[in-house]
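K.L.:
Quick one: this structure, given as structure tokens, is what I'll be asking you about.
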Amino acid sequence: MKMSLTALDDQMLRSFAIGAVFSDFDGKINSFDFHRTYDLLITAIDDDSVRLYDTANAKLLKTTYHKKHGADRICFTHHPNSVICSSKYNINSSGESLRYFSMYDNRNLRYFKGHNDRIVSLCMSPINDSFMSGSLDHSVRIWDLRVNACQGILRLRGKPTVAYDQQGLVFAVSMEGGAIKLFDSRSFDKGPFDTFLVGGDTAEVCDIKFSNDGRSMLLTTKSNNVYVLDAYNGEKRCGFSLEPSSNTAIEAAFTPDAQYVLSGSGDGNLHAWHIDKRQQVARWSSEIGVVSCLKWAPRRAMFAAASTVLTFWIPDYSKLTREQPAEDAKAVTRQLD
């Protein structure tokens, strides 16, 4: 169901429930991505498969297998049948750490070589053919789909996480000690134009996302904290602490209207917070254990959550006739002042 951004409120959010379940694969989902303009979701799974789903009709469209390279991080390009996928196997400086792949005819269109360790972060520019990859080899590389050669390299300390803002003009890179550096995507070689620090928390940043309106930045850290920062000055708008998850990095997501943040947790629950009110408004059992991947669909009133099972969550409109009891949404996480 399509949703106007003004339609989402606390009551509707509390009504969300699992609408579809997919479990016909082996192992956990390493990453997934929604297409920006089509009702599609792509997954990269431990069984070396890449799977394409129709999110409007909750249907698996196609499965491809990648036994030579594996499937780790994945994201859509602008074309609905083309993706970028990072490799799990045989990664070295002369190897094929990234592939530009066509789901339409099951063909690698281009290989991108350079990283010599696992890629842990991958994102596509929203405005052109550029994309970025962050690797455990302590580098961030900027690429162009149209050419094999790397267009730029940032050397850094720590495990890098990368993200473009929604206008594609700025990108963020996490550094050692929890620092976030901001670069102009048109002149990144001049160095960062700003650096943000979350006061008191020097834990490794696992994920970065920008809100659709460009005003906020969402961080999740290895210390199981979720922060929303002002994207212009780095001030902390709110922060929440989650139950620990020893083997799974937690992912969080903005809703399209940037009013709410959703997150998994080490206790196997999903949580939703209202950003301006700084309070939890909903909590659900994920039904699939600790969630490793969580994103809101750009075009629909739905979000997806995954571990070793993929679930689509949609509003249960029968619940909207009665307000959920307040105690169901009591905060079970500690707000960070």
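Letters A, B, ... go to the chains of the structure tokens in the order shown; residues in each chain start at 1; ligands are counted from 1 in the same order.
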Counting only C-alpha atoms, what are the residues of region 110-143 of chain A within 9 Å of region 69-82 of chain A, and for each of them which pair of atoms is the nearest and at what distance in Å, to one decimal? Sort the table by chain and rising number, as a Markdown table.

P.N.:
```
| residue | atom | partner | partner_atom | distance |
| --- | --- | --- | --- | --- |
| A:Arg118 | CA | A:Asp72 | CA | 8.7 |
| A:Ile119 | CA | A:Arg73 | CA | 7.1 |
| A:Val120 | CA | A:Arg73 | CA | 6.8 |
| A:Ser121 | CA | A:Arg73 | CA | 6.9 |
| A:Leu122 | CA | A:Arg73 | CA | 6.4 |
| A:Cys123 | CA | A:Cys75 | CA | 6.4 |
| A:Met124 | CA | A:Thr77 | CA | 6.4 |
| A:Ser125 | CA | A:Thr77 | CA | 8.5 |
| A:Pro126 | CA | A:His78 | CA | 7.9 |
| A:Ile127 | CA | A:His78 | CA | 8.8 |
| A:Asn128 | CA | A:His78 | CA | 8.3 |
| A:Asp129 | CA | A:Thr77 | CA | 7.8 |
| A:Phe131 | CA | A:Thr77 | CA | 8.8 |
```

K.L.:
Can you list, as a VMD selection string, all residues belonging to region 125-299 of chain A that DSSP tags as strand (DSSP E)?

P.N.:
chain A and resid 130 to 135 139 to 144 152 to 155 162 to 164 170 to 174 180 to 184 194 to 196 205 to 210 216 to 221 225 to 230 236 to 241 252 to 254 260 to 263 269 to 274 279 to 285 293 to 296

K.L.:
Hey, what's within 8 Å of Val290 (chain A) if we count only C-alpha atoms and toss same-chain stuff fewer than 5 positions away? As number ranges by chain, please?

P.N.:
A: 245, 248, 264-269, 307

K.L.:
Those same residues - N, CA and C atoms - I'd like them written as a tab-separated table (two decimals), in the first residue's frame.

P.N.:
```
chain	number	residue	atom	x	y	z
A	245	SER	N	24.39	-7.30	21.48
A	245	SER	CA	24.32	-8.41	20.54
A	245	SER	C	25.75	-8.77	20.16
A	248	THR	N	26.26	-9.88	16.18
A	248	THR	CA	25.49	-9.24	15.12
A	248	THR	C	25.54	-7.73	15.26
A	264	GLY	N	16.83	-2.75	15.32
A	264	GLY	CA	16.84	-4.05	15.96
A	264	GLY	C	17.50	-3.94	17.31
A	265	SER	N	17.64	-5.08	18.01
A	265	SER	CA	18.26	-5.08	19.32
A	265	SER	C	18.73	-6.49	19.64
A	266	GLY	N	19.68	-6.60	20.56
A	266	GLY	CA	20.21	-7.90	20.94
A	266	GLY	C	19.23	-8.80	21.64
A	267	ASP	N	18.09	-8.25	22.09
A	267	ASP	CA	17.07	-9.08	22.74
A	267	ASP	C	16.07	-9.67	21.75
A	268	GLY	N	16.31	-9.46	20.45
A	268	GLY	CA	15.41	-10.02	19.44
A	268	GLY	C	14.18	-9.19	19.17
A	269	ASN	N	14.09	-7.99	19.77
A	269	ASN	CA	12.96	-7.11	19.53
A	269	ASN	C	13.32	-6.04	18.49
A	307	SER	N	17.33	-11.81	9.30
A	307	SER	CA	18.42	-12.52	9.99
A	307	SER	C	18.73	-13.71	9.10
```

K.L.:
Mind checking which residues fall within 6 Å of Lys28 (chain A), counting only C-alpha atoms, ignoring those fewer than 2 positions away in the same chain, and posting them as a PyMOL selection string?

P.N.:
chain A and resi 45-46+307-308

K.L.:
For Asp230 (chain A), which of A:Ala172, A:Met217, A:Leu156, A:Ile91 is the closest residue, counting only C-alpha atoms?

P.N.:
A:Met217

K.L.:
With a distance cut-off of 12 Å and only C-alpha atoms, select the neighbouring residues of Phe32 (chain A), excluding the residue or stretch itself and same-chain residues fewer than 5 positions from it, and output the selection as a CSV table (one decimal) with N, CA, C and O atoms, in the first residue's frame.

P.N.:
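around_20.csv, freshly written:
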```csv
chain,number,residue,atom,x,y,z
A,40,LEU,N,11.2,-2.9,-5.4
A,40,LEU,CA,12.1,-4.1,-5.5
A,40,LEU,C,13.1,-4.1,-4.3
A,40,LEU,O,13.5,-3.0,-3.8
A,41,LEU,N,13.4,-5.3,-3.9
A,41,LEU,CA,14.4,-5.5,-2.8
A,41,LEU,C,15.4,-6.5,-3.3
A,41,LEU,O,15.0,-7.6,-3.9
A,42,ILE,N,16.7,-6.3,-3.0
A,42,ILE,CA,17.8,-7.3,-3.4
A,42,ILE,C,18.5,-7.8,-2.1
A,42,ILE,O,18.7,-7.0,-1.2
A,43,THR,N,18.8,-9.1,-2.0
A,43,THR,CA,19.4,-9.6,-0.9
A,43,THR,C,20.7,-10.3,-1.3
A,43,THR,O,20.8,-10.9,-2.4
A,44,ALA,N,21.7,-10.3,-0.4
A,44,ALA,CA,22.9,-11.1,-0.5
A,44,ALA,C,23.0,-12.0,0.7
A,44,ALA,O,22.9,-11.6,1.8
A,45,ILE,N,23.1,-13.3,0.4
A,45,ILE,CA,22.9,-14.3,1.4
A,45,ILE,C,24.1,-15.2,1.6
A,45,ILE,O,24.9,-15.4,0.6
A,49,SER,N,23.9,-16.8,-2.6
A,49,SER,CA,22.8,-16.4,-3.6
A,49,SER,C,22.5,-15.0,-3.5
A,49,SER,O,22.7,-14.3,-2.4
A,50,VAL,N,22.0,-14.4,-4.6
A,50,VAL,CA,21.5,-13.1,-4.6
A,50,VAL,C,20.0,-13.2,-5.1
A,50,VAL,O,19.7,-13.9,-6.1
A,51,ARG,N,19.1,-12.6,-4.3
A,51,ARG,CA,17.7,-12.8,-4.6
A,51,ARG,C,17.0,-11.5,-4.8
A,51,ARG,O,17.2,-10.5,-4.0
A,52,LEU,N,16.1,-11.4,-5.8
A,52,LEU,CA,15.4,-10.2,-6.2
A,52,LEU,C,13.9,-10.4,-5.8
A,52,LEU,O,13.3,-11.4,-6.2
A,53,TYR,N,13.3,-9.5,-5.0
A,53,TYR,CA,11.9,-9.6,-4.6
A,53,TYR,C,11.1,-8.4,-5.1
A,53,TYR,O,11.6,-7.3,-5.2
A,71,ALA,N,28.5,-13.7,-1.9
A,71,ALA,CA,27.7,-12.5,-1.9
A,71,ALA,C,27.7,-11.9,-0.5
A,71,ALA,O,27.2,-12.5,0.4
A,72,ASP,N,28.2,-10.7,-0.4
A,72,ASP,CA,28.4,-10.1,1.0
A,72,ASP,C,27.6,-8.8,1.1
A,72,ASP,O,26.5,-8.8,1.5
A,73,ARG,N,28.2,-7.7,0.7
A,73,ARG,CA,27.5,-6.4,0.6
A,73,ARG,C,26.8,-6.2,-0.7
A,73,ARG,O,27.4,-6.6,-1.7
A,74,ILE,N,25.6,-5.6,-0.8
A,74,ILE,CA,25.0,-5.4,-2.0
A,74,ILE,C,24.2,-4.1,-2.0
A,74,ILE,O,23.7,-3.7,-1.0
A,75,CYS,N,24.1,-3.5,-3.2
A,75,CYS,CA,23.2,-2.3,-3.4
A,75,CYS,C,22.8,-2.2,-4.8
A,75,CYS,O,23.5,-2.7,-5.7
A,76,PHE,N,21.6,-1.6,-5.0
A,76,PHE,CA,21.1,-1.4,-6.4
A,76,PHE,C,21.9,-0.3,-7.0
A,76,PHE,O,22.4,0.7,-6.4
A,83,VAL,N,22.9,-4.5,-10.1
A,83,VAL,CA,23.4,-4.3,-8.7
A,83,VAL,C,24.9,-4.3,-8.6
A,83,VAL,O,25.6,-4.7,-9.5
A,84,ILE,N,25.4,-3.8,-7.5
A,84,ILE,CA,26.8,-3.9,-7.2
A,84,ILE,C,26.9,-4.9,-6.0
A,84,ILE,O,26.2,-4.7,-5.0
A,85,CYS,N,27.8,-5.9,-6.1
A,85,CYS,CA,27.9,-6.9,-5.0
A,85,CYS,C,29.4,-7.1,-4.7
A,85,CYS,O,30.2,-7.2,-5.6
A,121,SER,N,31.1,-1.9,3.8
A,121,SER,CA,30.2,-0.8,3.6
A,121,SER,C,30.2,-0.5,2.1
A,121,SER,O,31.2,-0.4,1.5
A,122,LEU,N,29.0,-0.3,1.6
A,122,LEU,CA,28.8,-0.1,0.1
A,122,LEU,C,27.6,0.8,-0.1
A,122,LEU,O,26.5,0.6,0.5
A,123,CYS,N,27.7,1.8,-0.9
A,123,CYS,CA,26.6,2.7,-1.2
A,123,CYS,C,26.7,3.3,-2.6
A,123,CYS,O,27.8,3.6,-3.1
A,251,GLU,N,21.4,-2.7,12.8
A,251,GLU,CA,21.1,-1.7,11.8
A,251,GLU,C,19.9,-0.9,12.3
A,251,GLU,O,19.0,-1.5,12.8
A,292,SER,N,19.8,-8.5,11.8
A,292,SER,CA,21.0,-7.9,11.3
A,292,SER,C,20.8,-6.9,10.2
A,292,SER,O,21.7,-6.1,10.0
A,293,CYS,N,19.7,-6.9,9.5
A,293,CYS,CA,19.4,-6.0,8.4
A,293,CYS,C,18.0,-5.4,8.6
A,293,CYS,O,17.1,-6.1,8.9
A,294,LEU,N,17.9,-4.1,8.5
A,294,LEU,CA,16.7,-3.4,8.7
A,294,LEU,C,16.6,-2.1,7.9
A,294,LEU,O,17.5,-1.3,8.0
A,295,LYS,N,15.6,-2.0,7.0
A,295,LYS,CA,15.5,-0.8,6.2
A,295,LYS,C,14.0,-0.6,5.9
A,295,LYS,O,13.2,-1.5,5.8
A,296,TRP,N,13.7,0.7,5.8
A,296,TRP,CA,12.3,1.1,5.4
A,296,TRP,C,12.2,1.3,3.9
A,296,TRP,O,13.1,1.8,3.3
A,297,ALA,N,11.1,0.8,3.3
A,297,ALA,CA,11.0,0.9,1.8
A,297,ALA,C,10.7,2.3,1.4
A,297,ALA,O,9.9,3.0,2.1
A,303,PHE,N,8.5,-1.9,6.0
A,303,PHE,CA,9.9,-2.1,6.2
A,303,PHE,C,10.3,-3.5,6.2
A,303,PHE,O,9.4,-4.4,6.3
A,304,ALA,N,11.5,-3.8,6.0
A,304,ALA,CA,12.0,-5.2,5.9
A,304,ALA,C,13.0,-5.4,7.0
A,304,ALA,O,13.8,-4.6,7.3
A,305,ALA,N,12.9,-6.6,7.6
A,305,ALA,CA,13.9,-7.0,8.7
A,305,ALA,C,14.4,-8.4,8.3
A,305,ALA,O,13.6,-9.3,7.8
A,306,ALA,N,15.6,-8.7,8.6
A,306,ALA,CA,16.2,-10.0,8.2
A,306,ALA,C,17.2,-10.5,9.2
A,306,ALA,O,18.0,-9.7,9.8
A,307,SER,N,17.3,-11.8,9.3
A,307,SER,CA,18.4,-12.5,10.0
A,307,SER,C,18.7,-13.7,9.1
A,307,SER,O,19.3,-13.6,8.0
A,310,LEU,N,13.8,-13.6,6.1
A,310,LEU,CA,13.5,-12.2,5.6
A,310,LEU,C,12.0,-12.0,5.9
A,310,LEU,O,11.1,-12.8,5.6
A,311,THR,N,11.7,-10.8,6.5
A,311,THR,CA,10.3,-10.5,6.8
A,311,THR,C,9.9,-9.1,6.2
A,311,THR,O,10.8,-8.2,6.3
```

K.L.:
Mind giving me the straight-line distance from CA of Val309 (chain A) to CA of Ile288 (chain A) in Å, one decimal?

P.N.:
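That distance, rounded to one decimal, is 6.4 Å.
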
K.L.:
Can you tell me, as a list in words, what residues are no more than 9 Å from Arg278 (chain A) when counting only C-alpha atoms, ignoring any on the same chain fewer than 4 positions away?

P.N.:
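Contacts, with the query itself left out: Arg237, Cys238, Gly239, Phe240, Trp273, His274 and Gln335 of chain A.
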
K.L.:
Point out the residue among A:Asp189, A:Asp26, A:Asp144, A:Glu204 with the least atom-to-atom distance to Pro160 (chain A), counting only C-alpha atoms.

P.N.:
A:Glu204

K.L.:
For CA of Asp257 (chain A) and CA of Asp9 (chain A), determine how far apart the two atoms are, in Å to one decimal place.

P.N.:
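Calculated distance between CA of Asp257 (chain A) and CA of Asp9 (chain A) is 10.2 Å.
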